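Participant: Handing you a structure now.
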Amino acid sequence: MAYRFCDNDQFDFEVKLLLGAAWQRGADPGEVLATAAALADADGRKWFDAWTDLARRVRADGELAAAAGRSTSARDAWLRAAGYFGTALVAADALADESRLLAVFREHRDCFDRFAAAWHPAAERVSVPYEGTALPGYLFTPRSGAGGGGAPTVIVNNGSDGPVSAAWTMLGAPAVARGWNVLLFDGPGQQTMLFEHGMRFRPDWEHVITPVVDFLLARADVAADRLVLAGISQAGYWVPRALAFEHRIAAGVADPGVVRVADSWWDNFPPELRALYDSGDRDAFDTAVREGLAQDPGFAAYWRWRAKPYGIDSPYDLLTEVGRYDLAGVLDRITVPLLVTSPEGEQFWPGQARELYEALPGDKGFVEFAAAEGTDLHCEPLGRALFEQRVFDWLDGRLEAAG
């Protein structure tokens with residue numbers, strides 16, 4: 001894709017994600033482009049401050065609209081503000097004061113809470129029982145209601161670091177528009193569970209999804225035979241992992257398909273560092289990585305942001321843990337239809353979508369997204385209309401065939 005907004009690859013991708021979110025009112029292209037124009041060569045601090053400032057201005061507009069009784073304007077402003085706060089957070093580890101991450105996260109979540117309450121019908125704030133605690137979430141329902149037998153329901157599985165506002169615009173909003181219930185939730189290592197409670201990722205995600213399914217199946221407004229699990233980014237690993245063990249789900253979506261999470265980490269290392277890791281010399285590997293990070297503050301901030309949900313300081317131990325996120329040995333257990341997306345130019349797990357698809361034993365789908373139609377790159381940031389059409393039409397077809 002020829003569009004380029006920032007020198008920093010991560011920041012450039014975040015701008016594209018925001019522009020795509022405009023399709024579901026999660027951003028305004030003018031606000032995004034005006035802000036990004038001053039951030040072409042921004043460092044982490046400048047990035048954080050610019051998006052935080054924009055978010056607060058938009059939130060203030062929402063508060064004025066709400067005070068004047070203009071609920072639609074207020075609702076839309078709160079969603080955009082939540083997205084802009086979420087965009088700021090990707091640079092939080094470049095700041096000297098780590099307390100700003102939690103403060104801005106709470107601002108982000110407050111804006112999304114207000115948006116969810118202003119939605120029609122208002123989203124229900126829910127708590128999913130999970131291993132002695134609870135996972136926070138939002139249950140959105142279609143305006144027409146579920147009917148006597150309950151509505152089909154999409155469990156939206158977020159990725160490694162995306163805000164809940166992105167999960168809404170990428171999967172939640174299009175599902176509700178099609179008459180489906182939508183559950184957004186924070187799992188271990190995600191958003192609230194990480195920033196507020198310090199809970200870390202886990203590779204055996206079936207232990208997360210099974211309590212979510214238990215929670216949903218206890219509700220009369222959920223059709224028990226029409227549950228879908230759809231995941232974005234790193235959830236392209238978590239979704240098939242969960243489906244290998246949780247068989248009460250009718251269909252799944254992995255956007256994109258991921259077989260080995262660790263590959264996205266190793267792509268940042270030269271071969272000699274991989275050889276050092278393979279030698280088993282933990283101290284030497286940690287020293288070499290830390291010396292490299294000290295020479296590149298921008299990449300060091302990115303590393304800290306990606307490492308945060310694992311809660312492991314040692315680079316050697318961190319990569320060993322990430323290596324556990326591997327679907328080898330469980331794919332033959334998947335018995336439900338699974339759609340695997342494969343965007344051209346996938347930055348993090350190139351080639352793994354096809355690998356996952358070919359290894360699946362049963363009913364499956366494979367959909368490619370191309371640069372020629374503007375749907376390339378990880379999670380198709382600028383091709384949301386085509387993504388929704390292809391993915392949800394496939395899901396509709398599978399549920400119709402099953403029911």
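In the structure tokens, chains take letters A, B, ... by order of appearance, with residues numbered from 1 within each chain and ligands from 1 in the order shown.
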Identify, on the basis of only C-alpha atoms, every residue whose closest approach to Val228 in chain A does not exceed 6 Å; exclude the query and any residue fewer than 6 positions from it along the same chain; express the result as number ranges by chain.
Facilitator: A: 154, 249-252
Participant: At a cut-off of 8 Å, can you tabulate as JSON lines every residue of range 305-370 of chain A near range 256-276 of chain A together with its closest atom pair and the distance in Å to one decimal, using only C-alpha atoms and ordering rows by chain then number?
Facilitator:
{"residue": "A:Leu319", "atom": "CA", "partner": "A:Ala262", "partner_atom": "CA", "distance": 7.0}
{"residue": "A:Val322", "atom": "CA", "partner": "A:Ala262", "partner_atom": "CA", "distance": 5.4}
{"residue": "A:Gly323", "atom": "CA", "partner": "A:Ala262", "partner_atom": "CA", "distance": 5.3}
{"residue": "A:Tyr325", "atom": "CA", "partner": "A:Val261", "partner_atom": "CA", "distance": 5.6}
{"residue": "A:Asp326", "atom": "CA", "partner": "A:Arg260", "partner_atom": "CA", "distance": 4.6}
{"residue": "A:Leu327", "atom": "CA", "partner": "A:Val259", "partner_atom": "CA", "distance": 5.3}
{"residue": "A:Ala328", "atom": "CA", "partner": "A:Val259", "partner_atom": "CA", "distance": 7.5}
{"residue": "A:Val340", "atom": "CA", "partner": "A:Gly257", "partner_atom": "CA", "distance": 5.3}
{"residue": "A:Thr341", "atom": "CA", "partner": "A:Pro256", "partner_atom": "CA", "distance": 4.8}
{"residue": "A:Ser342", "atom": "CA", "partner": "A:Pro256", "partner_atom": "CA", "distance": 5.7}
{"residue": "A:Pro343", "atom": "CA", "partner": "A:Pro256", "partner_atom": "CA", "distance": 7.3}
{"residue": "A:Phe348", "atom": "CA", "partner": "A:Ser264", "partner_atom": "CA", "distance": 4.9}
{"residue": "A:Trp349", "atom": "CA", "partner": "A:Ser264", "partner_atom": "CA", "distance": 5.9}
{"residue": "A:Gln352", "atom": "CA", "partner": "A:Val258", "partner_atom": "CA", "distance": 5.5}
{"residue": "A:Ala353", "atom": "CA", "partner": "A:Gly257", "partner_atom": "CA", "distance": 4.0}
{"residue": "A:Arg354", "atom": "CA", "partner": "A:Gly257", "partner_atom": "CA", "distance": 7.5}
{"residue": "A:Glu355", "atom": "CA", "partner": "A:Val259", "partner_atom": "CA", "distance": 7.5}
{"residue": "A:Leu356", "atom": "CA", "partner": "A:Gly257", "partner_atom": "CA", "distance": 6.1}
{"residue": "A:Tyr357", "atom": "CA", "partner": "A:Gly257", "partner_atom": "CA", "distance": 7.6}
Participant: Which neighbours of Ala402 in chain A fall inside 10 Å, counting only C-alpha atoms, when residues of the same chain fewer than 2 positions from it are skipped, and could you give them as a ChimeraX atom specification?
Facilitator: /A:225-226,250-251,396-400
Participant: I'd like the contact shell of Leu360 in chain A - 8 Å cut-off, only C-alpha atoms, skipping same-chain residues fewer than 4 positions apart - returned as an MDAnalysis selection string.
Facilitator: chainID A and resid 331:332 334 356 364
Participant: Atoms to include: C-alpha atoms. Write the selected residues as a CSV table (one decimal), in the first residue's frame.
Facilitator:
chain,number,residue,atom,x,y,z
A,331,LEU,CA,-5.3,-28.3,15.2
A,332,ASP,CA,-6.7,-31.8,14.5
A,334,ILE,CA,-11.0,-28.4,15.7
A,356,LEU,CA,-3.2,-22.7,9.4
A,364,LYS,CA,-13.1,-24.2,6.8
Participant: Applying 10 Å and only C-alpha atoms, which residues near range 38-46 of chain A remain after dropping the ones on its own chain fewer than 4 positions away? List them as a list in words.
Facilitator: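 Final neighbour list, sorted by chain and number: Arg4, Phe5, Cys6, Asp7, Asn8, Phe11, Asp12, Leu33, Ala34, Ala50, Trp51, Thr52, Ala88, Leu89, Val90, Ala91, Ala92, Asp93, Ala94, Leu95, Ala96, Pro297, Gly298, Ala301 and Tyr302 of chain A.
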Participant: List the neighbours of Gly189 in chain A out to 6 Å using only C-alpha atoms; skip same-chain residues closer than 4 positions along the sequence, and give me the result as an NGL selection string.
Facilitator: :A and (193-194 or 199-201 or 309)
Participant: Using the selection just defined, write its residues with N, CA, C and O atoms as a PDB file, in the first residue's frame.
Facilitator:
ATOM      1  N   MET A 193      -7.732  -6.040  32.575  1.00  0.00           N
ATOM      2  CA  MET A 193      -7.148  -7.115  33.370  1.00  0.00           C
ATOM      3  C   MET A 193      -5.641  -6.956  33.514  1.00  0.00           C
ATOM      4  O   MET A 193      -5.054  -7.419  34.491  1.00  0.00           O
ATOM      5  N   LEU A 194      -5.012  -6.291  32.555  1.00  0.00           N
ATOM      6  CA  LEU A 194      -3.574  -6.023  32.641  1.00  0.00           C
ATOM      7  C   LEU A 194      -3.302  -4.743  33.428  1.00  0.00           C
ATOM      8  O   LEU A 194      -2.568  -4.757  34.420  1.00  0.00           O
ATOM      9  N   MET A 199      -2.968  -8.932  35.523  1.00  0.00           N
ATOM     10  CA  MET A 199      -3.127 -10.310  35.079  1.00  0.00           C
ATOM     11  C   MET A 199      -2.476 -10.501  33.714  1.00  0.00           C
ATOM     12  O   MET A 199      -2.644  -9.664  32.827  1.00  0.00           O
ATOM     13  N   ARG A 200      -1.753 -11.588  33.530  1.00  0.00           N
ATOM     14  CA  ARG A 200      -0.947 -11.811  32.331  1.00  0.00           C
ATOM     15  C   ARG A 200      -1.641 -12.722  31.324  1.00  0.00           C
ATOM     16  O   ARG A 200      -2.584 -13.439  31.642  1.00  0.00           O
ATOM     17  N   PHE A 201      -1.119 -12.683  30.099  1.00  0.00           N
ATOM     18  CA  PHE A 201      -1.576 -13.592  29.047  1.00  0.00           C
ATOM     19  C   PHE A 201      -1.436 -15.047  29.489  1.00  0.00           C
ATOM     20  O   PHE A 201      -0.650 -15.380  30.376  1.00  0.00           O
ATOM     21  N   PRO A 309       2.209  -7.513  28.593  1.00  0.00           N
ATOM     22  CA  PRO A 309       1.182  -8.495  28.970  1.00  0.00           C
ATOM     23  C   PRO A 309       1.730  -9.854  29.399  1.00  0.00           C
ATOM     24  O   PRO A 309       0.977 -10.669  29.926  1.00  0.00           O
TER      25      PRO A 309
END
Participant: Which is closer to Ala220 in chain A than all the others in A:Met170, A:Ala116, A:Leu293, A:Ala151, using only C-alpha atoms?
Facilitator: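 With only C-alpha atoms as the atom set, the closest residue is A:Ala151.
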Participant: Grab the CA of Asp49 in chain A to CA of Glu98 in chain A distance for me, in Å with one decimal place.
Facilitator: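 CA of Glu98 in chain A lies at a distance of 13.8 Å from CA of Asp49 in chain A.
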Participant: Just the strand (DSSP E or B) stuff from range 50-209 of chain A, please, per backbone DSSP, written as an NGL selection string.
Facilitator: :A and (124-130 or 133-140 or 151-157 or 181-185)
Participant: Between CA of Phe140 in chain A and CA of Val182 in chain A, what is the distance, to one decimal in Å?
Facilitator: 5.1 Å
Participant: Rank A:Phe366, A:Glu380, A:Arg282, A:Leu101 by their smallest atom-to-atom distance to Ser233 in chain A, using only C-alpha atoms, and report the top residue only.
Facilitator: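 Between A:Phe366, A:Glu380, A:Arg282, A:Leu101, the residue approaching Ser233 in chain A most closely is A:Glu380.
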Participant: Quick one: everything within 9 Å of Leu17 in chain A, counting only C-alpha atoms, minus sequence neighbours fewer than 5 positions away in the same chain. Send it as JSON, numbers by chain.
Facilitator: {"A": [12, 22, 166, 379, 380, 381, 382]}
Participant: Rank A:His207, A:Arg384, A:Arg109, A:Lys16 by their smallest atom-to-atom distance to Pro29 in chain A, using only C-alpha atoms, and report the top residue only.
Facilitator: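 Closest candidate: A:Lys16.
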Participant: Using DSSP on the backbone coordinates, identify the residues of range 102-192 of chain A assigned to alpha helix (DSSP H); present them as a PyMOL selection string.
Facilitator: chain A and resi 102-118+164-167+173-177+192
Participant: Which residue out of A:Leu183, A:Ala123, A:Ile232, A:Val208 has the minimum interatomic distance to His378 in chain A when only C-alpha atoms are used?
Facilitator: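 Checking each of A:Leu183, A:Ala123, A:Ile232, A:Val208 against His378 in chain A, counting only C-alpha atoms, the winner is A:Ile232.
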